[in-house]
Structure formats: C-alpha cells, structure tokens
Amino acid sequence: MTPDERLVGRRILVVDDTPVNIELLAAILEPHGFNVLVATLGEAALRVAERTPPDLILLDVMMPGLDGFETCARLKRNPDLADVPVIFVTARDEPEDIVNGFRQGAVDYVAKPVRHEEVRCVCAPTSCSSR
Amino acid sequence: MGVRLGLASTPNVGTTFAFSVPLRPAASFVRERESRSRRVLRLVDGHAVVAGVIVADPLNRGVVVGMLRAVGCSVVAGSKLAELVAAGPFDVVLIDAPATDDEAGATVAALAVKPAPRGTLAVGIGALSQRAERAGRLAGFGDMLALPIRADALYACLENKLDAHFEAAEADATLALRAALMPMVVSADLPAPLRRRVVEAARSASITDLRNAIEDITSLGGPHAVLAHRLGALAWNYDMDGVLGALGERDERDA
C-alpha cells in the first residue's frame, strides 16, 4: 500500500488499555502514513498529548483509572489541546454513551469491532482538519 | 466414566429421558483462558518457530505477521500458497480458511510436499462459517482461528498445537522485566543517530517511529540484534519509560 502524501507524518494518539486493539488500529493506520502514538491509560494519554500534541486522538471509553469520557473532558479543558479532535472507539455504543461522548467534546464515534475502511474514512479528514 | 442415565415416565403424560456426561474442560480452552491474564513476551530460548502466512487481505496479513514477529517467530508471508511452500519448510502455516472441501484438501496436500521435521501444522484464519470450519478440520487443519485475530488465541494455538513455550509476564511484572533487561541493553554501543531516534520515539510515545528504529537496529546485526530484541520486548509492552531507562536517557521530564 502506498502511503497517502497528505497523511504522512500526521500523528494519531491511540488510547486503549488492550494491546491487541492498539495493534489492530496501528496496523490499519500506519500503511496510510500515519505516525501512531500510544497510551494505555487516560492519565498517560494526557501526558503524551501535552508533550507531543497529536493531530487526532482515538480514545477508548472503558479503561482503568480515568475513563475515556473524563480523559476527553480534561483534554478539552487544556487550552493547548482543546482543538485536537477526539474520536471515541469503543464497544459501548448505547445512545446515551454516544451522546455523552459528544457532550465531552468528541467529533465522532466508532463502534468496536472496528472496520478498516471506517477507521480510514473517519481518521483521514479529521486528522487533516487540525493543522 | 460416571455417565448417568435417567428415565421418568408418567401414564397418559409422557416420558422424559435424561443423561449426564461429566467432562473436563478441553485443555486448549483452559490454556487460552489462562493466556488472557498474561502478556506473552517472546519464545523461550530453544523454542524456535518458523511460520508461513498466506493471507490475501494485506491488513489481516500484517496483523498476523506482526503478532508472530513480536514474540520472536521467523515469518515468511505471501498471498500465494505455491510460492510460500517453495520457501518452506514451516512449523506452522497460517492460511485463509478454505471455502470448500476441495480447497482444504489441496492446501493440506500442498503443505505435505515439504513438511517440517515434525510435520507442518495448518491453521485456517477467517470468518469461520460452519462450512469452512468443517472443510478445514476434515482435511486435516490443526486449528482454526476466527477474525479478528486475537494475540492470545494465536499464541495459545502455538502452545497447544506446536508445544511452543513462551516467556510471559503478568501486568505487574513489567518492572521486573525492565530491571532484568536493562544491564544488557545499556552495555550495547548504539550509533548516535539511531540512539537519538529511539529516544525521540520513546519520548513522544510513537510506536511507529520506535519500531522503525528498532528494525534499523536489527539490520545492523551482531550484538545490536540482541539490543533490538530487548528493546522490542519493551516496545511490545509500550514501556516507553523502560526504553528510555534502558538507554540511560530517562530524566525528570520523563518522570
């Protein structure tokens, strides 16, 4: 697969406490040219984002410690990171969960199990919108 | 065996037959369940596994290859069976689940042409319809793995069917792993540009840049390959602090 010139080097922070989920998303994103940053906890995600602001954050909801909703809320309260788009990637796809995600500032919502084309279609334009 | 049979009959109502067979859980199920609570790190020394991967979808192929290489398996990947068989023999071949009995039979026959010393284990990968599962099992596939592939299921398959042994760590054992690896890592003399790339990748938590740098270290060969292997184990755990500590680069910014 030839990387997309527009996407090469764009940083996507994948936050998930399950390594296999991170590997799956990395396997989808890297061939398109994305640079994948990782964090396995909400607290770690905040530190990584502060040090290396990503172009997009893919955020799991159910994690030990800070859950995805709270992590998103804290990102949005940080003026330096408030504009970084957040997409929830989670198995929790009840309407109230989706509404809660948007209330915390997410721009989109992807249900697990993820599909390659869906992730690519959602991530490509969103990551380009932040620069 | 402890089998119990029962019969209860009521005139003008009917008859109920009942039986119970006490069975122990299948060993493979137990091992797979146990494997979910641990993190497989790498093959134990002396337990080499040479794997062939024939999966048409490049994404699924990449995931399977990545999972195998991450624990130290030697992997050859492709999309055509004939080409891959020529590159063998393989201890295990992971292949798209067959759609028909004929396809399954042809696959097993092709793998038998150039078997590994202990035979070549065929493992089907796919959505696993009943038809595909039946075709594969009848033809002699040793196991079938459902998509999306899970690392714990893949490693459990290798343990159960190939008797491969893995080093594994519970989540709390990450620090112990880091401590065990550090002296060996620090002792390696890493070229400055590569060292800088590893440090920058770890500081930014970029698994993409870190793995690319580790690949380049691997290609240097010799003692650097050992270093790459150790860094790879830390990267597999997303242990960026461990990578920095191993190179003596961890400072207050990383705390």
# chains A, B, ... in the order shown; residues from 1 in each chain; ligands from 1
>>> select_by_dssp(residues="chain A", states="strand (DSSP E)", output="ChimeraX atom specification")
/A:11-15,35-39,56-59,86-90,108-111
>>> interface_residues(of="chain A", to="chain B", cutoff="9 Å", atoms="only C-alpha atoms", output="PDB file with N, CA and C atoms, in the first residue's frame")
ATOM      1  N   MET A   1       0.840  -1.199   0.000  1.00  0.00           N
ATOM      2  CA  MET A   1       0.000   0.000   0.000  1.00  0.00           C
ATOM      3  C   MET A   1       0.876   1.249   0.000  1.00  0.00           C
ATOM      4  N   ARG A  11       0.111  12.691  13.238  1.00  0.00           N
ATOM      5  CA  ARG A  11       0.190  11.911  14.473  1.00  0.00           C
ATOM      6  C   ARG A  11      -1.211  11.573  14.988  1.00  0.00           C
ATOM      7  N   LEU A  13      -2.886   9.691  18.204  1.00  0.00           N
ATOM      8  CA  LEU A  13      -2.686   9.082  19.523  1.00  0.00           C
ATOM      9  C   LEU A  13      -3.788   8.053  19.757  1.00  0.00           C
ATOM     10  N   PRO A  19      -3.807  -4.129  24.483  1.00  0.00           N
ATOM     11  CA  PRO A  19      -2.768  -4.024  23.460  1.00  0.00           C
ATOM     12  C   PRO A  19      -3.204  -4.473  22.067  1.00  0.00           C
ATOM     13  N   VAL A  20      -4.009  -5.527  22.024  1.00  0.00           N
ATOM     14  CA  VAL A  20      -4.401  -6.022  20.696  1.00  0.00           C
ATOM     15  C   VAL A  20      -5.202  -4.963  19.939  1.00  0.00           C
ATOM     16  N   GLU A  23      -2.715  -2.610  18.512  1.00  0.00           N
ATOM     17  CA  GLU A  23      -2.031  -3.206  17.362  1.00  0.00           C
ATOM     18  C   GLU A  23      -2.924  -3.196  16.126  1.00  0.00           C
ATOM     19  N   LEU A  24      -4.193  -3.477  16.327  1.00  0.00           N
ATOM     20  CA  LEU A  24      -5.110  -3.511  15.183  1.00  0.00           C
ATOM     21  C   LEU A  24      -5.222  -2.122  14.557  1.00  0.00           C
ATOM     22  N   ALA A  26      -3.087   0.337  14.820  1.00  0.00           N
ATOM     23  CA  ALA A  26      -1.790   0.699  14.219  1.00  0.00           C
ATOM     24  C   ALA A  26      -1.631   0.022  12.858  1.00  0.00           C
ATOM     25  N   ALA A  27      -2.066  -1.235  12.781  1.00  0.00           N
ATOM     26  CA  ALA A  27      -1.957  -1.958  11.508  1.00  0.00           C
ATOM     27  C   ALA A  27      -2.839  -1.327  10.434  1.00  0.00           C
ATOM     28  N   ILE A  28      -3.932  -0.717  10.839  1.00  0.00           N
ATOM     29  CA  ILE A  28      -4.798  -0.034   9.875  1.00  0.00           C
ATOM     30  C   ILE A  28      -4.189   1.307   9.477  1.00  0.00           C
ATOM     31  N   GLU A  30      -0.919   2.803  10.051  1.00  0.00           N
ATOM     32  CA  GLU A  30       0.469   3.024   9.613  1.00  0.00           C
ATOM     33  C   GLU A  30       0.656   2.892   8.099  1.00  0.00           C
ATOM     34  N   PRO A  31       0.035   1.900   7.448  1.00  0.00           N
ATOM     35  CA  PRO A  31       0.230   1.813   5.986  1.00  0.00           C
ATOM     36  C   PRO A  31      -0.229   3.058   5.230  1.00  0.00           C
ATOM     37  N   PHE A  34       0.266   7.334   8.654  1.00  0.00           N
ATOM     38  CA  PHE A  34       0.106   7.941   9.973  1.00  0.00           C
ATOM     39  C   PHE A  34       1.234   7.504  10.902  1.00  0.00           C
ATOM     40  N   ASN A  35       1.609   8.413  11.789  1.00  0.00           N
ATOM     41  CA  ASN A  35       2.547   8.113  12.859  1.00  0.00           C
ATOM     42  C   ASN A  35       1.702   7.843  14.111  1.00  0.00           C
ATOM     43  N   VAL A  36       1.759   6.607  14.617  1.00  0.00           N
ATOM     44  CA  VAL A  36       0.880   6.210  15.713  1.00  0.00           C
ATOM     45  C   VAL A  36       1.580   6.383  17.055  1.00  0.00           C
ATOM     46  N   LEU A  37       0.995   7.209  17.907  1.00  0.00           N
ATOM     47  CA  LEU A  37       1.440   7.351  19.288  1.00  0.00           C
ATOM     48  C   LEU A  37       0.526   6.495  20.149  1.00  0.00           C
ATOM     49  N   VAL A  38       1.040   5.998  21.275  1.00  0.00           N
ATOM     50  CA  VAL A  38       0.217   5.091  22.081  1.00  0.00           C
ATOM     51  C   VAL A  38       0.198   5.512  23.538  1.00  0.00           C
ATOM     52  N   ALA A  39      -0.923   5.202  24.185  1.00  0.00           N
ATOM     53  CA  ALA A  39      -1.040   5.324  25.632  1.00  0.00           C
ATOM     54  C   ALA A  39      -2.050   4.279  26.070  1.00  0.00           C
ATOM     55  N   THR A  40      -1.761   3.619  27.190  1.00  0.00           N
ATOM     56  CA  THR A  40      -2.654   2.551  27.637  1.00  0.00           C
ATOM     57  C   THR A  40      -3.533   2.989  28.810  1.00  0.00           C
ATOM     58  N   VAL A  48       1.192  12.311  27.196  1.00  0.00           N
ATOM     59  CA  VAL A  48       1.708  12.177  25.822  1.00  0.00           C
ATOM     60  C   VAL A  48       1.217  13.342  24.967  1.00  0.00           C
ATOM     61  N   ALA A  49      -0.061  13.679  25.111  1.00  0.00           N
ATOM     62  CA  ALA A  49      -0.637  14.748  24.286  1.00  0.00           C
ATOM     63  C   ALA A  49      -0.005  16.102  24.618  1.00  0.00           C
ATOM     64  N   ARG A  51       3.047  16.590  25.717  1.00  0.00           N
ATOM     65  CA  ARG A  51       4.429  16.610  25.220  1.00  0.00           C
ATOM     66  C   ARG A  51       4.480  16.655  23.700  1.00  0.00           C
ATOM     67  N   THR A  52       3.649  15.854  23.056  1.00  0.00           N
ATOM     68  CA  THR A  52       3.648  15.765  21.588  1.00  0.00           C
ATOM     69  C   THR A  52       2.210  15.890  21.111  1.00  0.00           C
ATOM     70  N   PRO A 113     -16.410  -4.053  17.026  1.00  0.00           N
ATOM     71  CA  PRO A 113     -15.105  -4.174  16.396  1.00  0.00           C
ATOM     72  C   PRO A 113     -14.966  -3.207  15.219  1.00  0.00           C
ATOM     73  N   HIS A 116     -11.762  -1.615   8.885  1.00  0.00           N
ATOM     74  CA  HIS A 116     -10.654  -0.906   8.260  1.00  0.00           C
ATOM     75  C   HIS A 116     -11.107   0.353   7.541  1.00  0.00           C
TER      76      HIS A 116
END
>>> residues_around(residues="Gly65 (chain A)", least_positions_apart="5", cutoff="10 Å", atoms="only C-alpha atoms", output="PyMOL selection string")
chain A and resi 41-43+70-71
>>> residues_around(residues="Leu75 (chain A)", least_positions_apart="3", cutoff="10 Å", atoms="only C-alpha atoms", output="ChimeraX atom specification")
/A:45-46,49-50,69-72,78-86,104-105
>>> select_by_dssp(residues="region 97-228 of chain B", states="alpha helix (DSSP H)", output="ChimeraX atom specification")
/B:101-112,130-139,151-162,174-187,192-203,207-220,223-228
>>> write_last_selection(atoms="C-alpha atoms", output="compact mmCIF listing (two decimals), in the first residue's frame")
# COMPACT_ATOMS: atom_id res chain seq x y z
CA ASP B 101 -13.60 -29.40 0.91
CA ASP B 102 -11.56 -29.48 -2.31
CA GLU B 103 -9.73 -26.29 -1.44
CA ALA B 104 -8.98 -27.57 2.06
CA GLY B 105 -7.69 -30.87 0.71
CA ALA B 106 -5.49 -29.17 -1.87
CA THR B 107 -3.98 -26.93 0.79
CA VAL B 108 -3.09 -29.79 3.13
CA ALA B 109 -1.68 -31.79 0.21
CA ALA B 110 0.49 -28.86 -0.88
CA LEU B 111 1.88 -28.39 2.62
CA ALA B 112 2.72 -32.09 2.83
CA GLN B 130 -19.60 -23.84 9.74
CA ARG B 131 -18.79 -24.95 6.21
CA ALA B 132 -15.28 -23.54 6.30
CA GLU B 133 -14.60 -24.96 9.75
CA ARG B 134 -15.86 -28.38 8.72
CA ALA B 135 -13.88 -28.37 5.47
CA GLY B 136 -10.69 -27.40 7.23
CA ARG B 137 -10.99 -29.85 10.10
CA LEU B 138 -11.88 -32.78 7.83
CA ALA B 139 -8.96 -32.04 5.53
CA ALA B 151 -2.93 -12.38 20.01
CA ASP B 152 -3.88 -14.55 22.99
CA ALA B 153 -5.72 -17.01 20.74
CA LEU B 154 -2.81 -17.16 18.29
CA TYR B 155 -0.21 -17.79 20.99
CA ALA B 156 -2.46 -20.36 22.70
CA CYS B 157 -2.73 -22.16 19.36
CA LEU B 158 1.07 -22.31 19.02
CA GLU B 159 1.40 -23.54 22.60
CA ASN B 160 -1.28 -26.20 22.25
CA LYS B 161 -0.53 -27.48 18.78
CA LEU B 162 3.23 -26.95 18.41
CA THR B 174 6.67 -5.19 33.70
CA LEU B 175 9.01 -3.50 36.16
CA ALA B 176 10.79 -6.77 36.84
CA LEU B 177 11.20 -7.29 33.11
CA ARG B 178 12.62 -3.82 32.72
CA ALA B 179 15.12 -4.41 35.52
CA ALA B 180 16.17 -7.72 34.04
CA LEU B 181 16.75 -6.31 30.59
CA MET B 182 18.44 -3.06 31.47
CA PRO B 183 22.04 -4.20 32.07
CA MET B 184 22.20 -5.96 28.73
CA VAL B 185 20.70 -3.03 26.89
CA VAL B 186 22.97 -0.41 28.39
CA SER B 187 26.04 -2.45 27.51
CA ALA B 192 24.30 8.11 17.93
CA PRO B 193 21.72 8.83 15.19
CA LEU B 194 19.84 5.62 15.92
CA ARG B 195 20.05 6.22 19.63
CA ARG B 196 18.56 9.69 19.10
CA ARG B 197 15.70 8.24 17.04
CA VAL B 198 14.89 5.67 19.72
CA VAL B 199 14.92 8.31 22.45
CA GLU B 200 12.76 10.74 20.49
CA ALA B 201 10.30 7.99 19.59
CA ALA B 202 10.01 6.87 23.21
CA ARG B 203 9.61 10.44 24.49
CA ILE B 207 5.22 3.22 18.46
CA THR B 208 5.58 3.75 14.70
CA ASP B 209 8.92 5.56 14.98
CA LEU B 210 10.15 3.28 17.75
CA ARG B 211 9.54 0.09 15.82
CA ASN B 212 11.08 1.56 12.67
CA ALA B 213 14.19 2.47 14.66
CA ILE B 214 14.33 -0.98 16.24
CA GLU B 215 14.11 -2.55 12.78
CA ASP B 216 17.09 -0.48 11.69
CA ILE B 217 18.99 -1.57 14.79
CA THR B 218 18.17 -5.19 13.97
CA SER B 219 19.60 -4.77 10.49
CA LEU B 220 22.97 -3.80 12.00
CA PRO B 223 25.25 -7.50 19.33
CA HIS B 224 22.87 -4.84 18.05
CA ALA B 225 20.39 -7.55 17.12
CA VAL B 226 20.33 -8.60 20.77
CA LEU B 227 19.77 -4.99 21.77
CA ALA B 228 16.97 -4.70 19.22
>>> closest_residue(among="A:Val89, A:Ala124, A:Leu56, A:Val107", to="Leu25 (chain A)", atoms="only C-alpha atoms")
A:Val89
>>> residues_around(residues="Ile95 (chain B)", least_positions_apart="4", cutoff="7 Å", atoms="only C-alpha atoms", output="list in words")
Val53, Ile54, Val55, Val123, Gly124 and Ile125 of chain B
>>> residues_around(residues="His165 (chain B)", least_positions_apart="3", cutoff="7 Å", atoms="only C-alpha atoms", output="JSON, numbers by chain")
{"B": [43, 44, 47, 159]}
>>> atom_distance(atom1="CA of Ser74 (chain B)", atom2="CA of Leu231 (chain B)")
17.6 Å
>>> atom_distance(atom1="CA of Asp4 (chain A)", atom2="CA of Pro54 (chain A)")
17.8 Å
>>> atom_distance(atom1="CA of Asp143 (chain B)", atom2="CA of Glu117 (chain A)")
28.6 Å
>>> closest_residue(among="B:Glu167, B:Ala233, B:Ala122, B:Ala86", to="Ala51 (chain B)", atoms="only C-alpha atoms")
B:Ala122
